[in-house]
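As structure tokens, the structure follows; a few thoughts come after it.
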Amino acid sequence: MPTIPLVLLPGLMCDQTVWTDQINALEGIAEAQVADYGSLNSLPAMAEAALKTAPPKFALAGHSMGGRVAMEMFRQAPDRITHLCLMDTRYHPLPAGEAGEKEKAGRYALVDLAREKGTRVMGEEWVRGMVHPDRLQDSTLIDAILDMFARKSADIFEAQQSALLTRPDAGMLMSQIQCPTLILCGRQDGWSTPEWHESMAREIRGAVLSVIDDCGHMSTMERPAEVSAALREWLTN
């Protein structure tokens with residue numbers, strides 16, 4: 001059976017590491033490539049860059065910020081995407097008023113920390129709310145996440161935070177998606193909650209919802225076997 005071209009989009013400050021287990025688990029059914037956003041500072045620009053290196057037609061999976069990039073890729077080239085998976089993400093723009101100002105302040109406080117003490121130290125603060133509480137003492141998992149962050153600079157972190165703060169509203173795209181779609185998240189994801197994913201799944205015709213138990217925001221690394229199984233089913237059924 002021919003392999004399926006698969007483009008994988010990492011989230012904020014993430015790289016191929018976040019997808020390592022899935023690439024290995026899907027070997028034989030998917031030919032995977034992981035996008036690198038470089039120092040780009042807008043989601044549309046990240047999407048455009050990923051499309052330039054992607055195959056003519058491909059399956060597309062995005063995690064967290066990568067899910068937002070995936071929506072922009074669909075906006076720019078819907079006919080090239082054969083399958084779509086949105087993971088631990090949302091489609092909403094920055095909220096207006098006090099809520100938006102609070103988010104902006106929180107993101108730039110992390111940027112300041114990264115500039116002052118480095119991206120790994122920043123990650124130590126960030127990761128507390130991004131994995132299941134029971135995994136915070138799992139040094140193998142936490143070190144892998146922090147090492148991944150440490151490979152990127154504070155400049156890249158600020159560029160990606162700027163991209164998220166200027167994120168487009170992708171809500172209108174949901175009704176346009178007609179390819180096989182998987183919506184996936186960790187049940188304990190406090191940033192992109194199961195309720196948001198249930199809403200997305202209702203808005204996309206035929207979408208399959210998968211909520212991974214005992215899992216926070218970093219689903220691909222926290223529960224790799226369960227995520228890989230869901231991706232396999234999405235690609236082959």
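A note on labels: chains of the structure tokens are A, B, ... as shown, every chain counts residues from 1, and ligands are counted from 1 in their shown order.
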
Requested in this report: Mind the document's chain letters and residue numbers, and return as a PyMOL selection string the residues of segment 94-138 of chain A that DSSP labels helix (DSSP H, G or I).
Outcome: chain A and resi 97-117+119-129+133-135

Could you make a table, as a Markdown table, of the residues of segment 16-80 of chain A that have an atom within 12 Å of an atom of segment 195-200 of chain A, each with its nearest atom pair and distance in Å to one decimal, counting only C-alpha atoms, in chain and number order?
```
| residue | atom | partner | partner_atom | distance |
| --- | --- | --- | --- | --- |
| A:Ser64 | CA | A:His197 | CA | 11.8 |
| A:Gly67 | CA | A:His197 | CA | 11.7 |
| A:Met71 | CA | A:Met200 | CA | 12.0 |
```

Query raised in the report: Near Val69 of chain A, counting only C-alpha atoms, which residues have an atom at most 12 Å away, once you skip same-chain residues fewer than 2 positions from it, shown as an NGL selection string?
Result: :A and (7-12 or 35-37 or 40-51 or 60-67 or 71-76 or 84-87 or 89-91 or 160 or 163-164 or 167-170)

Go ahead and save the residues from that selection, with C-alpha atoms, as a CSV table (one decimal), in the first residue's frame.
```csv
chain,number,residue,atom,x,y,z
A,7,VAL,CA,2.7,17.2,7.1
A,8,LEU,CA,3.1,17.7,10.9
A,9,LEU,CA,2.9,21.2,12.4
A,10,PRO,CA,4.5,21.7,15.9
A,11,GLY,CA,3.2,24.2,18.4
A,12,LEU,CA,4.8,27.1,20.2
A,35,ALA,CA,7.4,22.0,9.3
A,36,ASP,CA,9.9,24.6,10.7
A,37,TYR,CA,8.6,28.1,11.0
A,40,LEU,CA,8.3,34.0,11.1
A,41,ASN,CA,5.9,36.1,13.2
A,42,SER,CA,2.5,35.5,11.7
A,43,LEU,CA,0.3,32.5,11.2
A,44,PRO,CA,-0.5,33.2,7.6
A,45,ALA,CA,3.2,33.5,6.8
A,46,MET,CA,3.9,30.2,8.6
A,47,ALA,CA,1.2,28.5,6.6
A,48,GLU,CA,2.5,29.9,3.3
A,49,ALA,CA,6.0,28.6,4.2
A,50,ALA,CA,4.8,25.2,5.1
A,51,LEU,CA,2.8,24.9,1.9
A,60,LEU,CA,-2.2,17.6,7.7
A,61,ALA,CA,-2.0,17.5,11.5
A,62,GLY,CA,-1.3,20.5,13.7
A,63,HIS,CA,-0.8,20.6,17.5
A,64,SER,CA,-1.6,23.7,19.5
A,65,MET,CA,-0.2,26.7,17.6
A,66,GLY,CA,0.3,24.2,14.8
A,67,GLY,CA,-3.4,23.6,14.7
A,71,MET,CA,-6.3,26.2,9.6
A,72,GLU,CA,-4.4,28.9,7.8
A,73,MET,CA,-3.1,26.3,5.4
A,74,PHE,CA,-6.6,25.1,4.7
A,75,ARG,CA,-7.7,28.7,4.2
A,76,GLN,CA,-4.9,29.2,1.6
A,84,LEU,CA,-7.1,17.3,8.6
A,85,CYS,CA,-6.3,16.8,12.3
A,86,LEU,CA,-6.5,19.6,14.8
A,87,MET,CA,-5.1,18.9,18.2
A,89,THR,CA,-6.0,24.0,19.7
A,90,ARG,CA,-8.7,26.7,19.1
A,91,TYR,CA,-9.8,28.9,16.2
A,160,GLN,CA,5.7,33.1,17.7
A,163,ALA,CA,1.9,35.4,15.7
A,164,LEU,CA,-0.5,34.1,18.3
A,167,ARG,CA,-4.1,35.2,15.1
A,168,PRO,CA,-7.0,35.3,12.6
A,169,ASP,CA,-10.5,34.2,13.5
A,170,ALA,CA,-10.8,30.8,11.7
```

Output as CSV one row per residue of segment 102-178 of chain A within 9 Å of segment 18-34 of chain A: the closest atom pair and its distance in Å to one decimal place, counting only C-alpha atoms, sorted by chain and residue number ascending.
```
residue,atom,partner,partner_atom,distance
A:Ala144,CA,A:Val18,CA,8.9
A:Ile145,CA,A:Val18,CA,8.1
A:Met148,CA,A:Val18,CA,8.4
```

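Residue nearest Cys14 of chain A, chosen from A:Ile183, A:Met174, A:Met221, A:Ile204 and counting only C-alpha atoms: A:Met221.
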